[in-house]
file my_file22.pdb (PDB, C-alpha atoms, pLDDT in the B column)
ATOM      1  CA  MET A1262     142.752 -35.009 -35.601  1.00 67.00           C
ATOM      2  CA  LEU A1263     139.549 -36.339 -34.165  1.00 70.00           C
ATOM      3  CA  LEU A1264     136.718 -38.015 -36.023  1.00 70.00           C
ATOM      4  CA  ALA A1265     133.233 -38.864 -34.810  1.00 71.00           C
ATOM      5  CA  ARG A1266     133.456 -40.551 -31.409  1.00 70.00           C
ATOM      6  CA  ASP A1267     137.269 -40.894 -31.419  1.00 71.00           C
ATOM      7  CA  GLU A1268     137.218 -38.858 -28.222  1.00 73.00           C
ATOM      8  CA  PHE A1269     135.882 -41.879 -26.357  1.00 70.00           C
ATOM      9  CA  ALA A1270     137.739 -44.767 -27.946  1.00 71.00           C
ATOM     10  CA  ARG A1271     135.729 -45.501 -31.075  1.00 73.00           C
ATOM     11  CA  THR A1272     137.684 -47.947 -33.166  1.00 76.00           C
ATOM     12  CA  GLN A1273     137.433 -49.467 -36.606  1.00 79.00           C
ATOM     13  CA  GLN A1274     139.871 -52.132 -35.423  1.00 79.00           C
ATOM     14  CA  GLY A1275     142.550 -51.018 -37.850  1.00 78.00           C
ATOM     15  CA  ASN A1276     140.239 -50.898 -40.868  1.00 79.00           C
ATOM     16  CA  ASN A1277     140.891 -47.665 -42.746  1.00 78.00           C
ATOM     17  CA  ASN A1278     138.200 -48.493 -45.313  1.00 79.00           C
ATOM     18  CA  ALA A1279     135.235 -49.056 -43.004  1.00 77.00           C
ATOM     19  CA  TYR A1280     133.039 -46.436 -44.677  1.00 76.00           C
ATOM     20  CA  CYS A1281     131.775 -49.035 -47.146  1.00 80.00           C
ATOM     21  CA  GLN A1282     130.790 -51.595 -44.515  1.00 81.00           C
ATOM     22  CA  ASP A1283     127.394 -51.730 -42.894  1.00 85.00           C
ATOM     23  CA  SER A1284     128.479 -53.593 -39.775  1.00 84.00           C
ATOM     24  CA  PRO A1285     129.505 -52.858 -36.170  1.00 81.00           C
ATOM     25  CA  ILE A1286     132.982 -51.974 -37.433  1.00 80.00           C
ATOM     26  CA  SER A1287     131.650 -48.737 -38.933  1.00 80.00           C
ATOM     27  CA  TRP A1288     128.680 -48.011 -36.662  1.00 79.00           C
ATOM     28  CA  LEU A1289     128.881 -45.323 -33.999  1.00 77.00           C
ATOM     29  CA  ALA A1290     128.219 -46.517 -30.480  1.00 75.00           C
ATOM     30  CA  TRP A1291     126.252 -43.871 -28.605  1.00 78.00           C
ATOM     31  CA  ASP A1292     126.584 -45.402 -25.160  1.00 81.00           C
ATOM     32  CA  ILE A1293     129.541 -44.007 -23.256  1.00 82.00           C
ATOM     33  CA  THR A1294     131.426 -46.343 -20.941  1.00 83.00           C
ATOM     34  CA  GLN A1295     133.473 -45.223 -17.933  1.00 85.00           C
ATOM     35  CA  GLU A1296     136.607 -45.605 -20.044  1.00 82.00           C
ATOM     36  CA  GLY A1297     134.969 -43.398 -22.661  1.00 82.00           C
ATOM     37  CA  ARG A1298     134.181 -40.686 -20.087  1.00 86.00           C
ATOM     38  CA  GLU A1299     137.809 -40.729 -18.892  1.00 87.00           C
ATOM     39  CA  LEU A1300     139.031 -40.418 -22.465  1.00 86.00           C
ATOM     40  CA  ILE A1301     136.640 -37.498 -23.073  1.00 86.00           C
ATOM     41  CA  ARG A1302     138.066 -35.708 -19.993  1.00 89.00           C
ATOM     42  CA  PHE A1303     141.618 -36.341 -21.213  1.00 89.00           C
ATOM     43  CA  THR A1304     140.741 -35.081 -24.708  1.00 88.00           C
ATOM     44  CA  GLN A1305     139.244 -31.932 -23.142  1.00 90.00           C
ATOM     45  CA  LYS A1306     142.434 -31.473 -21.139  1.00 92.00           C
ATOM     46  CA  LEU A1307     144.598 -31.764 -24.268  1.00 91.00           C
ATOM     47  CA  THR A1308     142.357 -29.344 -26.144  1.00 92.00           C
ATOM     48  CA  SER A1309     142.598 -26.809 -23.305  1.00 94.00           C
ATOM     49  CA  LEU A1310     146.412 -27.171 -23.268  1.00 95.00           C
ATOM     50  CA  ARG A1311     146.510 -26.406 -26.988  1.00 93.00           C
ATOM     51  CA  HIS A1312     144.466 -23.249 -26.384  1.00 94.00           C
ATOM     52  CA  LYS A1313     146.456 -22.206 -23.303  1.00 95.00           C
ATOM     53  CA  TYR A1314     149.911 -22.599 -24.890  1.00 94.00           C
ATOM     54  CA  PRO A1315     150.229 -20.874 -28.290  1.00 90.00           C
ATOM     55  CA  ILE A1316     153.576 -22.613 -28.867  1.00 89.00           C
ATOM     56  CA  LEU A1317     151.547 -25.784 -29.564  1.00 91.00           C
ATOM     57  CA  ARG A1318     149.843 -24.089 -32.521  1.00 86.00           C
ATOM     58  CA  ARG A1319     152.551 -21.986 -34.119  1.00 81.00           C
ATOM     59  CA  THR A1320     152.173 -20.807 -37.689  1.00 79.00           C
ATOM     60  CA  ARG A1321     155.930 -20.766 -38.405  1.00 77.00           C
ATOM     61  CA  PHE A1322     157.969 -23.892 -39.044  1.00 84.00           C
ATOM     62  CA  LEU A1323     160.444 -24.770 -36.316  1.00 84.00           C
ATOM     63  CA  THR A1324     164.018 -24.762 -37.661  1.00 83.00           C
ATOM     64  CA  GLY A1325     166.272 -25.615 -34.731  1.00 85.00           C
ATOM     65  CA  GLU A1326     168.670 -22.846 -35.774  1.00 82.00           C
ATOM     66  CA  TYR A1327     170.325 -20.782 -33.062  1.00 81.00           C
ATOM     67  CA  ASN A1328     169.277 -17.112 -33.165  1.00 77.00           C
ATOM     68  CA  LYS A1329     172.260 -15.041 -31.967  1.00 78.00           C
ATOM     69  CA  GLU A1330     170.173 -11.900 -31.393  1.00 75.00           C
ATOM     70  CA  LEU A1331     167.736 -13.668 -29.107  1.00 70.00           C
ATOM     71  CA  GLY A1332     170.131 -16.281 -27.733  1.00 75.00           C
ATOM     72  CA  VAL A1333     167.747 -19.231 -28.273  1.00 80.00           C
ATOM     73  CA  LYS A1334     166.750 -22.022 -30.633  1.00 87.00           C
ATOM     74  CA  ASP A1335     163.051 -22.393 -31.357  1.00 87.00           C
ATOM     75  CA  VAL A1336     163.353 -26.177 -31.012  1.00 92.00           C
ATOM     76  CA  THR A1337     166.013 -28.483 -29.613  1.00 94.00           C
ATOM     77  CA  TRP A1338     165.784 -32.238 -30.081  1.00 95.00           C
ATOM     78  CA  ILE A1339     166.706 -34.124 -26.901  1.00 96.00           C
ATOM     79  CA  ASN A1340     167.867 -37.733 -26.443  1.00 96.00           C
ATOM     80  CA  ALA A1341     166.977 -39.949 -23.461  1.00 95.00           C
ATOM     81  CA  ASN A1342     170.140 -38.768 -21.641  1.00 95.00           C
ATOM     82  CA  GLY A1343     168.737 -35.226 -21.563  1.00 96.00           C
ATOM     83  CA  GLU A1344     171.274 -33.958 -24.076  1.00 96.00           C
ATOM     84  CA  GLU A1345     170.835 -32.435 -27.519  1.00 95.00           C
ATOM     85  CA  MET A1346     170.577 -35.124 -30.182  1.00 95.00           C
ATOM     86  CA  GLN A1347     173.569 -35.559 -32.471  1.00 94.00           C
ATOM     87  CA  ALA A1348     173.809 -37.087 -35.962  1.00 91.00           C
ATOM     88  CA  GLY A1349     174.571 -40.492 -34.439  1.00 92.00           C
ATOM     89  CA  ASP A1350     171.328 -40.384 -32.455  1.00 92.00           C
ATOM     90  CA  TRP A1351     169.325 -39.710 -35.605  1.00 91.00           C
ATOM     91  CA  ASP A1352     171.158 -42.418 -37.539  1.00 92.00           C
ATOM     92  CA  ASP A1353     170.699 -45.080 -34.837  1.00 91.00           C
ATOM     93  CA  PRO A1354     167.824 -47.394 -35.867  1.00 91.00           C
ATOM     94  CA  GLY A1355     167.395 -48.314 -32.184  1.00 88.00           C
ATOM     95  CA  THR A1356     166.382 -44.784 -31.242  1.00 89.00           C
ATOM     96  CA  LYS A1357     162.650 -44.935 -30.786  1.00 93.00           C
ATOM     97  CA  TRP A1358     162.246 -42.086 -28.295  1.00 94.00           C
ATOM     98  CA  PHE A1359     163.178 -38.409 -28.206  1.00 95.00           C
ATOM     99  CA  GLY A1360     162.238 -35.099 -26.695  1.00 97.00           C
ATOM    100  CA  MET A1361     161.256 -31.879 -28.410  1.00 96.00           C
ATOM    101  CA  LEU A1362     162.115 -28.774 -26.386  1.00 94.00           C
ATOM    102  CA  MET A1363     160.078 -25.869 -27.788  1.00 92.00           C
ATOM    103  CA  ASP A1364     161.489 -22.588 -26.466  1.00 88.00           C
ATOM    104  CA  GLY A1365     158.806 -19.945 -25.986  1.00 84.00           C
ATOM    105  CA  ARG A1366     161.424 -17.190 -26.076  1.00 80.00           C
ATOM    106  CA  ALA A1367     162.106 -17.768 -29.797  1.00 72.00           C
ATOM    107  CA  GLN A1368     160.610 -15.298 -32.239  1.00 66.00           C
ATOM    108  CA  VAL A1369     156.980 -15.995 -33.022  1.00 63.00           C
ATOM    109  CA  THR A1370     156.555 -13.967 -36.211  1.00 57.00           C
ATOM    110  CA  GLY A1371     158.847 -12.593 -38.922  1.00 58.00           C
ATOM    111  CA  ILE A1372     159.682  -9.681 -36.616  1.00 58.00           C
ATOM    112  CA  ARG A1373     162.934 -10.292 -34.737  1.00 61.00           C
ATOM    113  CA  LYS A1374     161.525 -10.008 -31.255  1.00 54.00           C
ATOM    114  CA  ARG A1375     161.819 -12.308 -28.261  1.00 56.00           C
ATOM    115  CA  GLY A1376     158.745 -14.450 -27.718  1.00 58.00           C
ATOM    116  CA  GLN A1377     156.818 -14.380 -24.459  1.00 66.00           C
ATOM    117  CA  GLU A1378     155.377 -17.872 -24.617  1.00 82.00           C
ATOM    118  CA  ALA A1379     155.915 -20.796 -22.277  1.00 88.00           C
ATOM    119  CA  THR A1380     158.701 -23.286 -22.939  1.00 92.00           C
ATOM    120  CA  LEU A1381     157.481 -26.869 -23.292  1.00 95.00           C
ATOM    121  CA  LEU A1382     159.128 -30.276 -23.520  1.00 97.00           C
ATOM    122  CA  LEU A1383     157.301 -32.978 -25.448  1.00 97.00           C
ATOM    123  CA  VAL A1384     158.704 -36.494 -25.009  1.00 98.00           C
ATOM    124  CA  ILE A1385     157.636 -39.277 -27.360  1.00 97.00           C
ATOM    125  CA  ASN A1386     158.330 -42.943 -26.659  1.00 97.00           C
ATOM    126  CA  GLY A1387     157.526 -45.144 -29.636  1.00 95.00           C
ATOM    127  CA  TYR A1388     159.339 -48.097 -28.080  1.00 95.00           C
ATOM    128  CA  HIS A1389     157.552 -51.228 -26.791  1.00 95.00           C
ATOM    129  CA  ASP A1390     159.023 -50.770 -23.316  1.00 95.00           C
ATOM    130  CA  ALA A1391     159.392 -47.942 -20.795  1.00 96.00           C
ATOM    131  CA  VAL A1392     162.314 -45.518 -21.163  1.00 95.00           C
ATOM    132  CA  GLU A1393     164.059 -43.598 -18.396  1.00 96.00           C
ATOM    133  CA  PHE A1394     164.200 -40.078 -19.837  1.00 97.00           C
ATOM    134  CA  THR A1395     166.508 -37.533 -18.198  1.00 97.00           C
ATOM    135  CA  LEU A1396     164.826 -34.138 -18.067  1.00 97.00           C
ATOM    136  CA  PRO A1397     167.160 -31.539 -19.587  1.00 96.00           C
ATOM    137  CA  ALA A1398     168.176 -28.216 -18.109  1.00 94.00           C
ATOM    138  CA  ALA A1399     166.777 -25.169 -19.874  1.00 90.00           C
ATOM    139  CA  PRO A1400     167.987 -21.572 -19.536  1.00 85.00           C
ATOM    140  CA  GLY A1401     165.665 -19.330 -17.541  1.00 84.00           C
ATOM    141  CA  GLY A1402     164.041 -22.207 -15.709  1.00 89.00           C
ATOM    142  CA  LYS A1403     164.313 -24.086 -12.462  1.00 93.00           C
ATOM    143  CA  GLY A1404     162.586 -27.357 -13.339  1.00 96.00           C
ATOM    144  CA  TRP A1405     159.656 -28.978 -15.090  1.00 97.00           C
ATOM    145  CA  GLU A1406     155.953 -29.431 -14.348  1.00 96.00           C
ATOM    146  CA  LEU A1407     154.086 -32.365 -15.856  1.00 96.00           C
ATOM    147  CA  LEU A1408     151.095 -31.159 -17.879  1.00 96.00           C
ATOM    148  CA  ALA A1409     150.045 -34.434 -19.505  1.00 95.00           C
ATOM    149  CA  ASP A1410     151.022 -38.089 -19.703  1.00 95.00           C
ATOM    150  CA  THR A1411     149.061 -40.239 -22.136  1.00 92.00           C
ATOM    151  CA  ASN A1412     149.548 -43.212 -19.830  1.00 90.00           C
ATOM    152  CA  ALA A1413     148.208 -41.350 -16.786  1.00 85.00           C
ATOM    153  CA  SER A1414     145.190 -39.537 -18.189  1.00 73.00           C
ATOM    154  CA  ASP A1415     143.584 -39.165 -14.743  1.00 76.00           C
ATOM    155  CA  GLN A1416     146.485 -37.195 -13.240  1.00 75.00           C
ATOM    156  CA  GLN A1417     144.986 -34.808 -10.669  1.00 76.00           C
ATOM    157  CA  LYS A1418     147.865 -33.315  -8.712  1.00 83.00           C
ATOM    158  CA  VAL A1419     150.698 -31.167 -10.025  1.00 86.00           C
ATOM    159  CA  LEU A1420     153.943 -33.100 -10.398  1.00 93.00           C
ATOM    160  CA  GLU A1421     157.180 -31.119 -10.441  1.00 95.00           C
ATOM    161  CA  PHE A1422     160.646 -32.284 -11.407  1.00 96.00           C
ATOM    162  CA  THR A1423     164.137 -30.841 -11.192  1.00 96.00           C
ATOM    163  CA  PHE A1424     166.621 -30.707 -14.054  1.00 96.00           C
ATOM    164  CA  SER A1425     168.508 -33.999 -14.542  1.00 95.00           C
ATOM    165  CA  GLU A1426     165.769 -35.930 -12.756  1.00 97.00           C
ATOM    166  CA  THR A1427     164.537 -38.957 -14.704  1.00 96.00           C
ATOM    167  CA  TYR A1428     160.962 -39.660 -15.717  1.00 96.00           C
ATOM    168  CA  GLN A1429     159.852 -43.137 -16.719  1.00 96.00           C
ATOM    169  CA  VAL A1430     158.033 -42.660 -20.017  1.00 96.00           C
ATOM    170  CA  THR A1431     155.897 -45.742 -20.465  1.00 96.00           C
ATOM    171  CA  ALA A1432     155.760 -47.749 -23.687  1.00 96.00           C
ATOM    172  CA  ARG A1433     154.195 -46.016 -26.674  1.00 95.00           C
ATOM    173  CA  SER A1434     153.235 -42.878 -24.828  1.00 96.00           C
ATOM    174  CA  VAL A1435     153.780 -39.121 -24.859  1.00 96.00           C
ATOM    175  CA  ILE A1436     154.383 -36.669 -22.030  1.00 97.00           C
ATOM    176  CA  LEU A1437     154.217 -32.875 -22.034  1.00 97.00           C
ATOM    177  CA  LEU A1438     156.093 -30.765 -19.499  1.00 97.00           C
ATOM    178  CA  LEU A1439     156.123 -27.030 -18.784  1.00 96.00           C
ATOM    179  CA  LEU A1440     159.328 -25.194 -17.871  1.00 95.00           C
ATOM    180  CA  ARG A1441     158.936 -23.615 -14.444  1.00 94.00           C
ATOM    181  CA  PRO A1442     160.584 -20.192 -14.792  1.00 88.00           C
ATOM    182  CA  ASP A1443     163.169 -18.858 -12.333  1.00 84.00           C
ATOM    183  CA  GLY A1444     161.507 -16.865  -9.578  1.00 72.00           C
ATOM    184  CA  ALA A1445     158.129 -18.575  -9.948  1.00 61.00           C
TER     185      ALA A1445
END
call {"tool": "encode", "arguments": {"input": "my_file22.pdb", "output": "structure tokens"}}
result
Amino acid sequence: MLLARDEFARTQQGNNNAYCQDSPISWLAWDITQEGRELIRFTQKLTSLRHKYPILRRTRFLTGEYNKELGVKDVTWINANGEEMQAGDWDDPGTKWFGMLMDGRAQVTGIRKRGQEATLLLVINGYHDAVEFTLPAAPGGKGWELLADTNASDQQKVLEFTFSETYQVTARSVILLLLRPDGA
């Protein structure tokens, strides 16, 4: 969710009650710095990704249940080793990073029909240090393409990765990858 000028680094310096203060903490700065312009471009990129990939704006809750008819799960939670998370991973208080594999072949509506959307992997690192994240294999694909990295907002060229390759997810950042389908 964005609020006035958030798209170019407006801050209330942690104050969630700034509406009642008539000071620089609540004023809107109308001058845009270079950092602000870069953040605007990155925000535009994220907005366009949300529009381009309907799986990022689904109206059905993701369940993680395996659908025998379609042969897929709508979401699979992945640990840093590139494997599906187990109960021990969820119970470990040291786990501060995980991946969310959203399979675009899962049914989109209440009608039992295979989806035609892209499959995406969202990796979140809430840890204070970088994490080597092993990119998981996914049926019907041949690798991953980096769409966004919150620590590399100015990424210009397409970066592709194979299954089992590792990606260094920097501290407190998020990456989004697209499954490159077989034959593409």
call {"tool": "closest_residue", "arguments": {"input": "my_file22.pdb", "among": "A:Leu1437, A:Ala1270, A:Leu1264, A:Cys1281", "to": "Trp1405 in chain A", "atoms": "all atoms listed in the file"}}
result
A:Leu1437
call {"tool": "residues_around", "arguments": {"input": "my_file22.pdb", "residues": "range 1381-1388 of chain A", "least_positions_apart": "4", "cutoff": "10 Å", "atoms": "only C-alpha atoms", "output": "count of residues only"}}
result
43
call {"tool": "axis_aligned_box", "arguments": {"input": "my_file22.pdb", "around": "range 1282-1296 of chain A", "padding_each_side": "6 Å", "output": "AutoDock Vina command-line options"}}
result
--center_x 131.4 --center_y -48.7 --center_z -31.2 --size_x 22.4 --size_y 21.7 --size_z 38.6
call {"tool": "residues_around", "arguments": {"input": "my_file22.pdb", "residues": "Lys1334 in chain A", "least_positions_apart": "6", "cutoff": "12 Å", "atoms": "only C-alpha atoms", "output": "ChimeraX atom specification"}}
result
/A:1323-1328,1345,1361-1369,1375-1376,1380,1399-1400
call {"tool": "residues_around", "arguments": {"input": "my_file22.pdb", "residues": "Arg1298 in chain A", "least_positions_apart": "4", "cutoff": "12 Å", "atoms": "all atoms listed in the file", "output": "PDB file with C-alpha atoms, in the coordinates of the input"}}
result
ATOM      1  CA  ARG A1266     133.456 -40.551 -31.409  1.00 70.00           C
ATOM      2  CA  ASP A1267     137.269 -40.894 -31.419  1.00 71.00           C
ATOM      3  CA  GLU A1268     137.218 -38.858 -28.222  1.00 73.00           C
ATOM      4  CA  PHE A1269     135.882 -41.879 -26.357  1.00 70.00           C
ATOM      5  CA  ALA A1270     137.739 -44.767 -27.946  1.00 71.00           C
ATOM      6  CA  ASP A1292     126.584 -45.402 -25.160  1.00 81.00           C
ATOM      7  CA  ILE A1293     129.541 -44.007 -23.256  1.00 82.00           C
ATOM      8  CA  THR A1294     131.426 -46.343 -20.941  1.00 83.00           C
ATOM      9  CA  ARG A1302     138.066 -35.708 -19.993  1.00 89.00           C
ATOM     10  CA  PHE A1303     141.618 -36.341 -21.213  1.00 89.00           C
ATOM     11  CA  THR A1304     140.741 -35.081 -24.708  1.00 88.00           C
ATOM     12  CA  GLN A1305     139.244 -31.932 -23.142  1.00 90.00           C
ATOM     13  CA  SER A1414     145.190 -39.537 -18.189  1.00 73.00           C
ATOM     14  CA  ASP A1415     143.584 -39.165 -14.743  1.00 76.00           C
TER      15      ASP A1415
END
call {"tool": "atom_distance", "arguments": {"input": "my_file22.pdb", "atom1": "CA of Ala1398 in chain A", "atom2": "CA of Phe1424 in chain A"}}
result
5.0 Å
call {"tool": "residues_around", "arguments": {"input": "my_file22.pdb", "residues": "Gly1444 in chain A", "least_positions_apart": "4", "cutoff": "12 Å", "atoms": "all atoms listed in the file", "output": "list in words"}}
result
Gly1401, Gly1402, Lys1403, Gly1404 and Leu1440 of chain A
call {"tool": "atom_distance", "arguments": {"input": "my_file22.pdb", "atom1": "CA of Glu1330 in chain A", "atom2": "CA of Pro1442 in chain A"}}
result
20.9 Å
call {"tool": "atom_distance", "arguments": {"input": "my_file22.pdb", "atom1": "CA of Asp1353 in chain A", "atom2": "CA of Glu1393 in chain A"}}
result
17.8 Å
call {"tool": "closest_residue", "arguments": {"input": "my_file22.pdb", "among": "A:Val1419, A:Leu1307, A:Ala1265, A:His1312", "to": "Trp1288 in chain A", "atoms": "all atoms listed in the file"}}
result
A:Ala1265
call {"tool": "resolve_selection", "arguments": {"input": "my_file22.pdb", "expression": "the PyMOL selection byres ((chain A and resi 1273) around 10)", "output": "PDB file with C-alpha atoms, in the frame of the given file"}}
result
ATOM      1  CA  ALA A1270     137.739 -44.767 -27.946  1.00 71.00           C
ATOM      2  CA  ARG A1271     135.729 -45.501 -31.075  1.00 73.00           C
ATOM      3  CA  THR A1272     137.684 -47.947 -33.166  1.00 76.00           C
ATOM      4  CA  GLN A1274     139.871 -52.132 -35.423  1.00 79.00           C
ATOM      5  CA  GLY A1275     142.550 -51.018 -37.850  1.00 78.00           C
ATOM      6  CA  ASN A1276     140.239 -50.898 -40.868  1.00 79.00           C
ATOM      7  CA  ASN A1277     140.891 -47.665 -42.746  1.00 78.00           C
ATOM      8  CA  ASN A1278     138.200 -48.493 -45.313  1.00 79.00           C
ATOM      9  CA  ALA A1279     135.235 -49.056 -43.004  1.00 77.00           C
ATOM     10  CA  TYR A1280     133.039 -46.436 -44.677  1.00 76.00           C
ATOM     11  CA  PRO A1285     129.505 -52.858 -36.170  1.00 81.00           C
ATOM     12  CA  ILE A1286     132.982 -51.974 -37.433  1.00 80.00           C
ATOM     13  CA  SER A1287     131.650 -48.737 -38.933  1.00 80.00           C
ATOM     14  CA  TRP A1288     128.680 -48.011 -36.662  1.00 79.00           C
ATOM     15  CA  LEU A1289     128.881 -45.323 -33.999  1.00 77.00           C
TER      16      LEU A1289
END
